[in-house]
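Enquirer: Below you'll find run.tsv; it's TSV, C-alpha atoms.
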```
chain	number	residue	atom	x	y	z
X	11	MET	CA	-24.54	1.09	-22.11
X	12	ALA	CA	-25.38	0.93	-25.79
X	13	ASP	CA	-23.32	-1.16	-28.15
X	14	SER	CA	-20.70	1.11	-29.70
X	15	LYS	CA	-16.96	1.42	-30.02
X	16	ASN	CA	-16.04	1.04	-26.37
X	17	VAL	CA	-12.65	0.02	-25.02
X	18	ALA	CA	-12.15	-1.06	-21.40
X	19	LEU	CA	-8.86	-0.60	-19.56
X	20	VAL	CA	-8.53	-2.52	-16.27
X	21	PHE	CA	-5.80	-1.70	-13.76
X	22	GLY	CA	-5.06	-4.70	-11.52
X	23	ALA	CA	-6.31	-7.41	-13.89
X	24	SER	CA	-4.68	-10.21	-11.87
X	25	GLY	CA	-6.43	-9.27	-8.61
X	26	ILE	CA	-9.67	-10.66	-7.26
X	27	SER	CA	-11.67	-7.67	-8.52
X	28	GLY	CA	-9.73	-6.76	-11.64
X	29	TRP	CA	-9.73	-10.36	-12.88
X	30	ALA	CA	-13.52	-10.51	-12.53
X	31	VAL	CA	-14.08	-7.21	-14.33
X	32	THR	CA	-11.73	-8.23	-17.15
X	33	LYS	CA	-13.59	-11.51	-17.57
X	34	CYS	CA	-17.11	-10.09	-17.26
X	35	ALA	CA	-16.43	-7.20	-19.64
X	36	LEU	CA	-16.18	-9.70	-22.50
X	37	SER	CA	-19.83	-10.65	-22.08
X	38	TYR	CA	-21.56	-7.99	-19.97
X	39	PRO	CA	-23.69	-5.90	-20.29
X	40	THR	CA	-23.78	-7.52	-23.76
X	41	PRO	CA	-21.31	-9.78	-25.58
X	42	THR	CA	-20.46	-6.89	-27.91
X	43	THR	CA	-20.32	-3.93	-25.53
X	44	PHE	CA	-16.53	-3.66	-25.69
X	45	ASP	CA	-14.44	-3.88	-28.85
X	46	ARG	CA	-11.30	-4.32	-26.72
X	47	VAL	CA	-10.72	-5.31	-23.10
X	48	ILE	CA	-7.24	-4.40	-21.90
X	49	GLY	CA	-5.98	-5.93	-18.67
X	50	LEU	CA	-2.95	-4.34	-16.99
X	51	THR	CA	-0.76	-6.03	-14.39
X	52	ASN	CA	2.53	-5.32	-12.71
X	53	ARG	CA	3.68	-8.94	-12.52
X	54	PRO	CA	3.62	-11.27	-15.54
X	55	LEU	CA	0.27	-12.93	-16.28
X	56	PRO	CA	0.43	-15.22	-19.34
X	57	LEU	CA	-2.95	-15.64	-20.99
X	58	GLU	CA	-2.72	-19.43	-20.82
X	59	LYS	CA	-2.37	-19.24	-17.02
X	60	SER	CA	-4.76	-16.36	-16.45
X	61	GLY	CA	-8.02	-18.32	-16.39
X	62	LEU	CA	-9.47	-15.70	-18.72
X	63	PRO	CA	-11.35	-16.56	-21.93
X	64	HIS	CA	-9.43	-16.87	-25.19
X	65	ASP	CA	-11.16	-13.96	-26.84
X	66	PRO	CA	-9.54	-11.96	-29.65
X	67	ARG	CA	-10.71	-8.75	-28.00
X	68	LEU	CA	-8.73	-9.48	-24.82
X	69	GLU	CA	-5.26	-8.03	-24.29
X	70	LEU	CA	-3.02	-8.57	-21.26
X	71	HIS	CA	-0.06	-6.27	-20.69
X	72	CYS	CA	2.31	-6.74	-17.77
X	73	GLY	CA	5.06	-4.57	-16.33
X	74	VAL	CA	2.96	-1.48	-15.65
X	75	ASN	CA	4.33	-0.46	-12.27
X	76	LEU	CA	2.22	2.32	-10.80
X	77	ARG	CA	4.65	2.82	-7.90
X	78	GLY	CA	7.08	4.72	-10.09
X	79	ASN	CA	6.78	8.40	-10.90
X	80	LEU	CA	4.18	9.66	-13.35
X	81	ASP	CA	6.61	10.07	-16.23
X	82	LYS	CA	7.68	6.43	-15.96
X	83	VAL	CA	4.09	5.26	-15.82
X	84	LEU	CA	3.25	7.30	-18.91
X	85	CYS	CA	6.19	5.75	-20.76
X	86	GLN	CA	5.28	2.21	-19.70
X	87	LEU	CA	1.69	2.60	-20.85
X	88	GLN	CA	2.69	4.09	-24.19
X	89	GLU	CA	5.29	1.37	-24.80
X	90	LYS	CA	3.04	-1.55	-23.88
X	91	VAL	CA	-0.53	-0.62	-24.86
X	92	PRO	CA	-1.37	0.27	-28.46
X	93	SER	CA	-3.97	2.89	-29.31
X	94	LEU	CA	-4.52	4.15	-25.77
X	95	GLU	CA	-6.47	7.05	-27.20
X	96	ASP	CA	-9.33	4.62	-27.98
X	97	VAL	CA	-9.92	3.73	-24.31
X	98	THR	CA	-13.39	4.83	-23.18
X	99	HIS	CA	-13.84	3.12	-19.80
X	100	VAL	CA	-11.19	2.77	-17.08
X	101	TYR	CA	-11.54	0.49	-14.06
X	102	TYR	CA	-9.07	1.19	-11.28
X	103	LEU	CA	-8.85	-2.03	-9.26
X	104	ALA	CA	-5.15	-1.99	-8.41
X	105	TYR	CA	-3.93	-2.27	-4.83
X	106	SER	CA	-0.58	-2.66	-3.14
X	107	ASN	CA	-0.16	-4.30	0.23
X	108	ALA	CA	3.61	-4.02	0.14
X	109	THR	CA	3.66	-3.43	3.89
X	110	ALA	CA	0.40	-5.22	4.65
X	111	TYR	CA	-0.49	-5.95	8.25
X	112	SER	CA	2.71	-4.36	9.48
X	113	ILE	CA	2.97	-1.63	12.08
X	114	ASP	CA	3.54	1.02	9.43
X	115	VAL	CA	-0.03	1.31	8.14
X	116	MET	CA	0.66	4.80	6.86
X	117	ALA	CA	3.07	3.39	4.30
X	118	ILE	CA	0.22	1.48	2.66
X	119	ARG	CA	-1.76	4.71	2.48
X	120	ASP	CA	1.07	6.61	0.85
X	121	ILE	CA	1.82	3.84	-1.68
X	122	ASN	CA	-1.79	3.47	-2.81
X	123	GLU	CA	-2.34	7.20	-2.92
X	124	GLY	CA	0.64	7.56	-5.22
X	125	MET	CA	-0.47	4.69	-7.44
X	126	THR	CA	-3.91	6.23	-7.85
X	127	TYR	CA	-2.44	9.61	-8.70
X	128	ASN	CA	-0.27	8.09	-11.41
X	129	ALA	CA	-3.09	6.02	-12.91
X	130	VAL	CA	-5.68	8.81	-13.00
X	131	HIS	CA	-3.37	11.43	-14.44
X	132	ALA	CA	-1.90	8.97	-16.95
X	133	VAL	CA	-5.26	7.99	-18.43
X	134	ASP	CA	-6.44	11.59	-18.32
X	135	ARG	CA	-3.52	12.51	-20.59
X	136	LEU	CA	-3.36	9.43	-22.82
X	137	CYS	CA	-6.95	8.23	-23.13
X	138	LYS	CA	-8.39	11.12	-25.09
X	139	ASN	CA	-11.77	9.39	-25.54
X	140	MET	CA	-12.24	8.38	-21.90
X	141	LYS	CA	-15.88	8.59	-20.88
X	142	PHE	CA	-15.95	6.93	-17.46
X	143	PHE	CA	-13.57	6.09	-14.62
X	144	VAL	CA	-14.48	3.54	-11.91
X	145	LEU	CA	-12.71	3.43	-8.55
X	146	GLN	CA	-13.28	0.49	-6.22
X	147	THR	CA	-12.66	1.13	-2.53
X	148	GLY	CA	-14.31	-0.73	0.36
X	149	THR	CA	-15.97	-0.62	3.76
X	150	ASN	CA	-12.88	0.77	5.46
X	151	ASN	CA	-14.37	4.04	4.22
X	152	TYR	CA	-16.36	3.70	7.45
X	153	GLY	CA	-13.35	2.76	9.60
X	154	VAL	CA	-14.22	-0.91	10.10
X	155	ALA	CA	-10.57	-1.96	9.78
X	156	VAL	CA	-8.89	0.91	11.58
X	157	PHE	CA	-7.95	-1.39	14.45
X	158	ARG	CA	-5.87	1.15	16.36
X	159	PHE	CA	-8.79	3.50	16.99
X	160	GLN	CA	-11.91	1.31	17.13
X	161	GLU	CA	-13.00	2.84	20.44
X	162	HIS	CA	-13.15	6.25	18.75
X	163	ILE	CA	-15.07	5.16	15.64
X	164	GLU	CA	-18.84	4.76	15.75
X	165	ILE	CA	-20.30	2.44	13.12
X	166	ASN	CA	-24.07	2.37	12.68
X	167	PRO	CA	-25.17	0.04	9.85
X	168	PRO	CA	-26.55	-0.14	7.32
X	169	LEU	CA	-23.61	1.87	6.04
X	170	ARG	CA	-24.46	4.45	3.39
X	171	GLU	CA	-22.48	6.34	0.82
X	172	ASP	CA	-23.25	9.69	2.43
X	173	ASN	CA	-21.85	8.73	5.84
X	174	PRO	CA	-19.21	11.29	6.87
X	175	ARG	CA	-15.52	10.51	6.69
X	176	ILE	CA	-13.73	9.38	9.84
X	177	PRO	CA	-12.05	12.53	11.16
X	178	SER	CA	-8.34	12.98	11.77
X	179	PRO	CA	-6.36	11.50	13.42
X	180	TRP	CA	-8.45	8.33	13.55
X	181	GLY	CA	-9.14	8.24	9.83
X	182	ASP	CA	-5.70	9.30	8.64
X	183	GLU	CA	-4.69	5.81	7.46
X	184	ILE	CA	-7.78	5.39	5.24
X	185	PHE	CA	-6.30	5.95	1.78
X	186	TYR	CA	-9.70	5.74	0.08
X	187	TYR	CA	-10.30	9.38	0.99
X	188	ALA	CA	-7.13	10.49	-0.78
X	189	GLN	CA	-8.03	8.36	-3.83
X	190	VAL	CA	-11.40	10.07	-4.16
X	191	ASP	CA	-9.88	13.51	-3.71
X	192	ILE	CA	-7.29	12.80	-6.40
X	193	ILE	CA	-9.99	11.80	-8.88
X	194	LYS	CA	-12.17	14.78	-8.04
X	195	GLU	CA	-9.28	17.14	-8.62
X	196	ALA	CA	-8.27	15.49	-11.89
X	197	ASN	CA	-11.87	15.55	-13.10
X	198	LYS	CA	-12.32	19.31	-12.77
X	199	GLY	CA	-13.25	20.78	-16.14
X	200	LYS	CA	-13.16	17.38	-17.87
X	201	SER	CA	-15.91	15.67	-19.83
X	202	TRP	CA	-15.38	12.19	-18.38
X	203	LYS	CA	-17.50	10.98	-15.49
X	204	TRP	CA	-16.46	8.81	-12.56
X	205	CYS	CA	-17.90	6.78	-9.70
X	206	GLU	CA	-16.72	5.01	-6.56
X	207	VAL	CA	-17.90	1.47	-5.65
X	208	ARG	CA	-17.60	0.24	-2.05
X	209	PRO	CA	-17.98	-3.54	-1.63
X	210	ASP	CA	-17.49	-5.27	1.72
X	211	GLN	CA	-16.24	-8.89	1.84
X	212	ILE	CA	-15.40	-10.03	-1.70
X	213	ILE	CA	-16.10	-13.70	-2.38
X	214	GLY	CA	-14.11	-14.84	-5.36
X	215	HIS	CA	-11.21	-16.73	-6.86
X	216	VAL	CA	-8.30	-16.01	-9.16
X	217	PRO	CA	-6.05	-18.66	-10.73
X	218	THR	CA	-2.96	-17.12	-9.11
X	219	PRO	CA	-3.43	-16.63	-5.34
X	220	THR	CA	-3.29	-13.07	-4.11
X	221	SER	CA	-3.15	-11.60	-0.62
X	222	MET	CA	-6.80	-10.57	-0.94
X	223	THR	CA	-8.12	-14.07	-1.71
X	224	TYR	CA	-10.57	-15.09	1.00
X	225	VAL	CA	-12.39	-18.28	0.00
X	226	GLU	CA	-9.55	-20.43	-1.41
X	227	PRO	CA	-7.50	-20.71	1.82
X	228	LEU	CA	-10.73	-21.39	3.72
X	229	ALA	CA	-11.72	-24.10	1.23
X	230	LEU	CA	-8.24	-25.65	1.38
X	231	TYR	CA	-8.28	-25.60	5.17
X	232	LEU	CA	-11.69	-27.30	5.34
X	233	THR	CA	-10.71	-29.86	2.70
X	234	LEU	CA	-7.49	-30.78	4.49
X	235	TYR	CA	-9.21	-30.75	7.90
X	236	ARG	CA	-11.67	-33.34	6.64
X	237	HIS	CA	-8.83	-35.39	5.17
X	238	VAL	CA	-6.88	-35.33	8.46
X	239	ASN	CA	-9.86	-35.89	10.78
X	240	GLY	CA	-12.03	-38.15	8.64
X	241	LEU	CA	-15.49	-38.15	7.09
X	242	GLY	CA	-18.10	-36.59	9.36
X	243	ALA	CA	-15.57	-34.59	11.37
X	244	SER	CA	-16.96	-31.48	13.00
X	245	VAL	CA	-15.19	-28.19	12.60
X	246	VAL	CA	-15.80	-25.03	14.58
X	247	PHE	CA	-15.90	-21.62	12.95
X	248	PRO	CA	-12.26	-20.78	12.20
X	249	GLY	CA	-12.36	-17.35	13.77
X	250	SER	CA	-13.49	-15.44	16.82
X	251	TYR	CA	-16.98	-15.89	18.27
X	252	PRO	CA	-17.86	-12.17	18.06
X	253	ASN	CA	-17.00	-12.18	14.38
X	254	TYR	CA	-19.32	-15.18	13.87
X	255	THR	CA	-22.27	-13.28	15.30
X	256	HIS	CA	-21.80	-9.94	13.56
X	257	THR	CA	-23.36	-9.04	10.22
X	258	PHE	CA	-21.63	-7.97	7.02
X	259	THR	CA	-22.27	-7.85	3.29
X	260	ALA	CA	-20.54	-10.61	1.36
X	261	SER	CA	-20.64	-10.20	-2.42
X	262	SER	CA	-19.50	-12.38	-5.27
X	263	GLN	CA	-16.65	-10.91	-7.28
X	264	ASP	CA	-18.82	-11.38	-10.37
X	265	ILE	CA	-21.80	-9.39	-9.07
X	266	ILE	CA	-19.44	-6.61	-8.00
X	267	ALA	CA	-17.85	-6.66	-11.45
X	268	ARG	CA	-21.23	-6.59	-13.15
X	269	SER	CA	-22.34	-3.68	-10.97
X	270	GLU	CA	-19.18	-1.78	-11.88
X	271	LEU	CA	-19.71	-2.56	-15.52
X	272	TYR	CA	-23.38	-1.63	-15.16
X	273	LEU	CA	-22.44	1.81	-13.79
X	274	GLY	CA	-19.84	2.34	-16.07
X	275	GLU	CA	-23.99	-27.79	9.05
X	276	GLY	CA	-21.43	-28.02	12.00
X	277	PRO	CA	-21.35	-27.12	15.67
X	278	SER	CA	-21.82	-23.54	16.77
X	279	PRO	CA	-18.50	-21.80	17.29
X	280	GLU	CA	-17.13	-20.91	20.68
X	281	ASP	CA	-14.26	-18.63	21.49
X	282	LYS	CA	-11.91	-21.63	21.27
X	283	GLY	CA	-12.15	-21.82	17.50
X	284	TRP	CA	-9.24	-22.18	15.08
X	285	LYS	CA	-7.92	-18.64	15.26
X	286	ASP	CA	-4.52	-19.71	13.96
X	287	ILE	CA	-5.58	-21.76	10.97
X	288	ASP	CA	-2.45	-20.69	9.14
X	289	LYS	CA	-0.30	-22.43	11.77
X	290	TRP	CA	-2.50	-25.51	11.53
X	291	TRP	CA	-2.18	-25.45	7.75
X	292	PHE	CA	1.59	-25.23	7.72
X	293	ALA	CA	1.87	-27.94	10.43
X	294	HIS	CA	-0.09	-30.37	8.24
X	295	GLN	CA	1.77	-30.02	4.96
X	296	ASP	CA	2.74	-33.70	4.86
X	297	GLU	CA	-0.95	-34.62	5.02
X	298	TYR	CA	-1.70	-31.99	2.41
X	299	LYS	CA	0.80	-33.54	-0.02
X	300	LYS	CA	-0.71	-36.99	0.60
X	301	MET	CA	-4.22	-35.62	0.02
X	302	CYS	CA	-3.18	-33.99	-3.25
X	303	LYS	CA	-1.58	-37.24	-4.43
X	304	LYS	CA	-4.64	-39.29	-3.43
X	305	TYR	CA	-7.12	-37.11	-5.27
X	306	GLY	CA	-4.89	-35.95	-8.09
X	307	LEU	CA	-5.00	-32.31	-6.96
X	308	HIS	CA	-2.68	-29.50	-7.92
X	309	PRO	CA	-0.79	-28.34	-4.78
X	310	ARG	CA	-1.13	-24.65	-4.03
X	311	GLU	CA	1.39	-22.31	-2.50
X	312	ILE	CA	-0.74	-19.89	-0.49
X	313	PRO	CA	1.24	-16.82	0.62
X	314	GLU	CA	1.43	-16.06	4.32
X	315	ALA	CA	-0.22	-12.68	3.65
X	316	THR	CA	-3.28	-14.51	2.28
X	317	TRP	CA	-3.69	-16.47	5.50
X	318	THR	CA	-3.31	-13.22	7.43
X	319	PHE	CA	-6.04	-11.60	5.35
X	320	LEU	CA	-8.34	-14.55	6.06
X	321	SER	CA	-7.62	-14.34	9.79
X	322	VAL	CA	-8.38	-10.62	9.79
X	323	GLY	CA	-11.72	-11.29	8.14
X	324	LEU	CA	-12.62	-14.12	10.48
X	325	SER	CA	-11.38	-12.77	13.79
X	326	PHE	CA	-10.82	-9.03	13.96
X	327	LEU	CA	-13.67	-7.29	12.14
X	328	CYS	CA	-15.94	-7.83	15.14
X	329	ARG	CA	-18.62	-5.27	14.34
X	330	ASN	CA	-21.81	-5.17	12.33
X	331	ARG	CA	-21.02	-3.56	9.02
X	332	GLU	CA	-23.72	-4.48	6.52
X	333	LEU	CA	-24.17	-2.06	3.64
X	334	SER	CA	-27.17	-0.16	2.37
X	335	LEU	CA	-27.95	-1.02	-1.26
X	336	ASP	CA	-30.34	1.89	-1.77
X	337	LYS	CA	-28.01	3.91	-3.99
X	338	ILE	CA	-27.00	1.13	-6.40
X	339	ARG	CA	-30.66	0.06	-6.65
X	340	SER	CA	-31.74	3.65	-7.32
X	341	VAL	CA	-29.74	3.75	-10.57
X	342	GLY	CA	-31.39	0.58	-11.85
X	343	PHE	CA	-28.90	-2.17	-10.99
X	344	THR	CA	-31.15	-4.82	-9.44
X	345	GLU	CA	-29.20	-8.02	-10.10
X	346	GLU	CA	-28.82	-10.27	-7.08
X	347	TYR	CA	-27.34	-13.69	-6.37
X	348	PRO	CA	-28.85	-16.10	-3.81
X	349	VAL	CA	-27.23	-16.29	-0.38
X	350	ALA	CA	-23.95	-18.28	-0.48
X	351	TYR	CA	-24.00	-18.43	-4.31
X	352	GLY	CA	-20.64	-16.69	-4.48
X	353	TYR	CA	-19.06	-19.32	-2.23
X	354	PHE	CA	-20.47	-22.20	-4.24
X	355	GLN	CA	-19.26	-20.56	-7.44
X	356	VAL	CA	-15.73	-20.32	-6.06
X	357	PHE	CA	-15.84	-23.94	-4.85
X	358	GLU	CA	-16.88	-25.01	-8.35
X	359	ARG	CA	-13.98	-23.11	-9.91
X	360	LEU	CA	-11.59	-24.67	-7.40
X	361	THR	CA	-12.79	-28.17	-8.32
X	362	GLN	CA	-12.52	-27.39	-12.04
X	363	GLU	CA	-8.89	-26.38	-11.50
X	364	LYS	CA	-8.35	-29.51	-9.33
X	365	ILE	CA	-7.37	-27.45	-6.30
X	366	ILE	CA	-9.99	-29.17	-4.12
X	367	HIS	CA	-11.71	-32.46	-4.88
X	368	THR	CA	-15.32	-32.91	-5.94
X	369	LYS	CA	-17.99	-34.39	-3.70
X	370	GLU	CA	-18.12	-37.37	-6.03
X	371	ASP	CA	-14.38	-37.98	-5.60
X	372	LEU	CA	-14.71	-37.61	-1.85
X	373	TYR	CA	-17.29	-40.36	-1.52
X	374	ARG	CA	-15.72	-42.54	-4.21
X	375	TYR	CA	-12.38	-42.60	-2.40
X	376	SER	CA	-14.07	-42.94	1.01
X	377	VAL	CA	-15.92	-46.08	-0.13
X	378	ALA	CA	-12.78	-47.44	-1.78
```
Go ahead and express the file in the form of structure tokens.

Expert:
Amino acid sequence: MADSKNVALVFGASGISGWAVTKCALSYPTPTTFDRVIGLTNRPLPLEKSGLPHDPRLELHCGVNLRGNLDKVLCQLQEKVPSLEDVTHVYYLAYSNATAYSIDVMAIRDINEGMTYNAVHAVDRLCKNMKFFVLQTGTNNYGVAVFRFQEHIEINPPLREDNPRIPSPWGDEIFYYAQVDIIKEANKGKSWKWCEVRPDQIIGHVPTPTSMTYVEPLALYLTLYRHVNGLGASVVFPGSYPNYTHTFTASSQDIIARSELYLGEGPSPEDKGWKDIDKWWFAHQDEYKKMCKKYGLHPREIPEATWTFLSVGLSFLCRNRELSLDKIRSVGFTEEYPVAYGYFQVFERLTQEKIIHTKEDLYRYSVA
């Protein structure tokens, strides 16, 4: 992407993916690629609490509710975001789990389908200079999380972009298909281009916990477990044994963001592991408060939905689902982080925000 007058618009700037894209766009592919980076959120996200750089090019606008009708979304965008016609690159990273992990999985499909429709058609009308639209979906494209029909869904990794869709009725709840179809239809006869990016497990952190955060509750659990059980305590894998043995593709939120911007030691686990780490966490809140006081940490309120998301990732996705990287490599994106780098990066951010303690503090207080 050559340096020019480019303006990025990010839907879902407070989420684990949108936050990373908003942050990375200020410096990648070059520090001057974008003249403006506009982050959109539904809920309030003050800049001083966002964890984003204080950069004059950065704008945060809240109160853009994509669950309304299209006319309302158009009005909200026009009222809140100046000079929308200058937007050249749109990153759709919004997601609603309003009925997450409930029986009514079809409601999640309908909500996210509607949100995508509103976003795509709104920017198509208002962003007259739009060049590129990025949609982020995920590996449920291949049915890995369609728990009701796993016996009907064959998954043969490495998973590739040209794998066929899961047929009806087993794939009916996968809203990614509808999102893609909406974009394809809106794109007919238009000059702007678009792409879909499908990451698997996203390793990242955002200052305000979201239901899709994966590493922070795990880090908090391990930190408190050590505090409760003492230095040198062993901890089994906090999930199911089958999930421990299966393969998947974990990616740092930053490398995913950069790719989207580039396109436009403990004991082996047994099946008696901590499957209900959320219950353990909530049962040890007194110890958690004492730990925070001892190390000067900032207590965190982790939503129940976040613990549920972690449990799903650790216990229920019991199938190999690693991804093929052939397509992203074929277009020239060859960046790669070392194994576990994304985790270490999140741990570092958590220590900087005093959510977990540093190794130095751990040993200093242990000796004291």

Enquirer: Using all atoms listed in the file, which of the listed residues (X:Pro313, X:Gly181, X:Gly306, X:Pro174) sits closest to X:Thr218?

Expert: X:Pro313

Enquirer: As a PyMOL selection string, please: the residues near X:Asn128 (cut-off 7 Å, all atoms listed in the file, same-chain neighbours under 4 positions excluded).

Expert: chain X and resi 76+80+83+124+132

Enquirer: Write out as a CSV table (one decimal) with C-alpha atoms, in the coordinates of the input each polymer residue whose atoms come within 8 Å of stretch 224-236 of chain X, counting all atoms listed in the file; drop sequence neighbours fewer than 3 positions from it.

Expert:
```csv
chain,number,residue,atom,x,y,z
X,212,ILE,CA,-15.4,-10.0,-1.7
X,213,ILE,CA,-16.1,-13.7,-2.4
X,214,GLY,CA,-14.1,-14.8,-5.4
X,215,HIS,CA,-11.2,-16.7,-6.9
X,239,ASN,CA,-9.9,-35.9,10.8
X,240,GLY,CA,-12.0,-38.2,8.6
X,241,LEU,CA,-15.5,-38.2,7.1
X,242,GLY,CA,-18.1,-36.6,9.4
X,243,ALA,CA,-15.6,-34.6,11.4
X,287,ILE,CA,-5.6,-21.8,11.0
X,291,TRP,CA,-2.2,-25.4,7.8
X,297,GLU,CA,-1.0,-34.6,5.0
X,298,TYR,CA,-1.7,-32.0,2.4
X,301,MET,CA,-4.2,-35.6,0.0
X,312,ILE,CA,-0.7,-19.9,-0.5
X,316,THR,CA,-3.3,-14.5,2.3
X,317,TRP,CA,-3.7,-16.5,5.5
X,319,PHE,CA,-6.0,-11.6,5.4
X,320,LEU,CA,-8.3,-14.6,6.1
X,353,TYR,CA,-19.1,-19.3,-2.2
X,356,VAL,CA,-15.7,-20.3,-6.1
X,357,PHE,CA,-15.8,-23.9,-4.8
X,360,LEU,CA,-11.6,-24.7,-7.4
X,365,ILE,CA,-7.4,-27.4,-6.3
X,366,ILE,CA,-10.0,-29.2,-4.1
```

Enquirer: For each of X:Cys205, X:Val97, X:Val322, X:Leu68, take the minimum atom-to-atom distance to X:Ile338, counting only C-alpha atoms, then give the residue where this is smallest.

Expert: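 For X:Ile338, the nearest of the given residues is X:Cys205.
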
Enquirer: Have a look at atom CA of X:Lys203 and atom CA of X:Gly274 and let me know their distance in Å, one decimal.

Expert: 9.0 Å

Enquirer: Quick one: residues within 9 Å of X:Ala104, all atoms listed in the file, excluding same-chain residues fewer than 2 positions away - as a list in words?

Expert: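 That gives Val20, Phe21, Gly22, Ala23, Ser24, Gly25, Ser27, Gly28, Thr51, Leu76, Tyr101, Tyr102, Ser106, Asn122, Met125, Thr126 and Gln146 of chain X.
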
Enquirer: Using only C-alpha atoms, pick whichever of X:Val190, X:Leu36, X:Ala155, X:Ile265 has the shortest atom-to-atom distance to X:Val130.

Expert: X:Val190

Enquirer: What does the distance from atom CA of X:Val31 to atom CA of X:Val100 come to in Å, to one decimal?

Expert: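 Result for atom CA of X:Val31 versus atom CA of X:Val100: 10.7 Å, one decimal.
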
Enquirer: Give me, please, the distance in Å between atom CA of X:Phe143 and atom CA of X:Ser201, quoted to one decimal.

Expert: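 Distance reported for this atom pair: 11.2 Å.
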
Enquirer: Between X:Ser269, X:Arg158, X:Pro217, X:Leu55, which one has atoms that come closest to X:Val144, using all atoms listed in the file?

Expert: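 Between X:Ser269, X:Arg158, X:Pro217, X:Leu55, the residue approaching X:Val144 most closely is X:Ser269.
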
Enquirer: As a PDB file with C-alpha atoms, in the coordinates of the input, please: the residues near X:Asp210 (cut-off 7 Å, only C-alpha atoms, same-chain neighbours under 2 positions excluded).

Expert:
```pdb
ATOM      1  CA  GLY X 148     -14.310  -0.730   0.360  1.00  0.00           C
ATOM      2  CA  THR X 149     -15.970  -0.620   3.760  1.00  0.00           C
ATOM      3  CA  ARG X 208     -17.600   0.240  -2.050  1.00  0.00           C
ATOM      4  CA  ILE X 212     -15.400 -10.030  -1.700  1.00  0.00           C
ATOM      5  CA  THR X 259     -22.270  -7.850   3.290  1.00  0.00           C
ATOM      6  CA  ALA X 260     -20.540 -10.610   1.360  1.00  0.00           C
TER       7      ALA X 260
END
```

Enquirer: Counting all atoms listed in the file, which of X:Ile184, X:Leu94, X:Val246, X:Ala350 gets nearest to X:Phe159?

Expert: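 Looking at the shortest contact to X:Phe159, the residue is X:Ile184.
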
Enquirer: Applying 12 Å and only C-alpha atoms, which residues near X:Lys289 remain after dropping the ones on its own chain fewer than 4 positions away? List them as JSON, numbers by chain.

Expert: {"X": [231, 284, 285, 293, 294, 295, 314, 317, 318, 321]}

Enquirer: Using all atoms listed in the file, find the one residue out of X:Ile26, X:Val115, X:Val91, X:Val17 that sits nearest to X:Glu183.

Expert: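 Nearest to X:Glu183: X:Val115.
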
Enquirer: Can you find the residues with an atom no farther than 7 Å from (-25.1, 3.0, -13.6), counting all atoms listed in the file, and report them as a list in words?

Expert: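 The residues that fall inside the cut-off are Tyr272, Leu273, Gly274, Val341, Gly342 and Phe343 of chain X.
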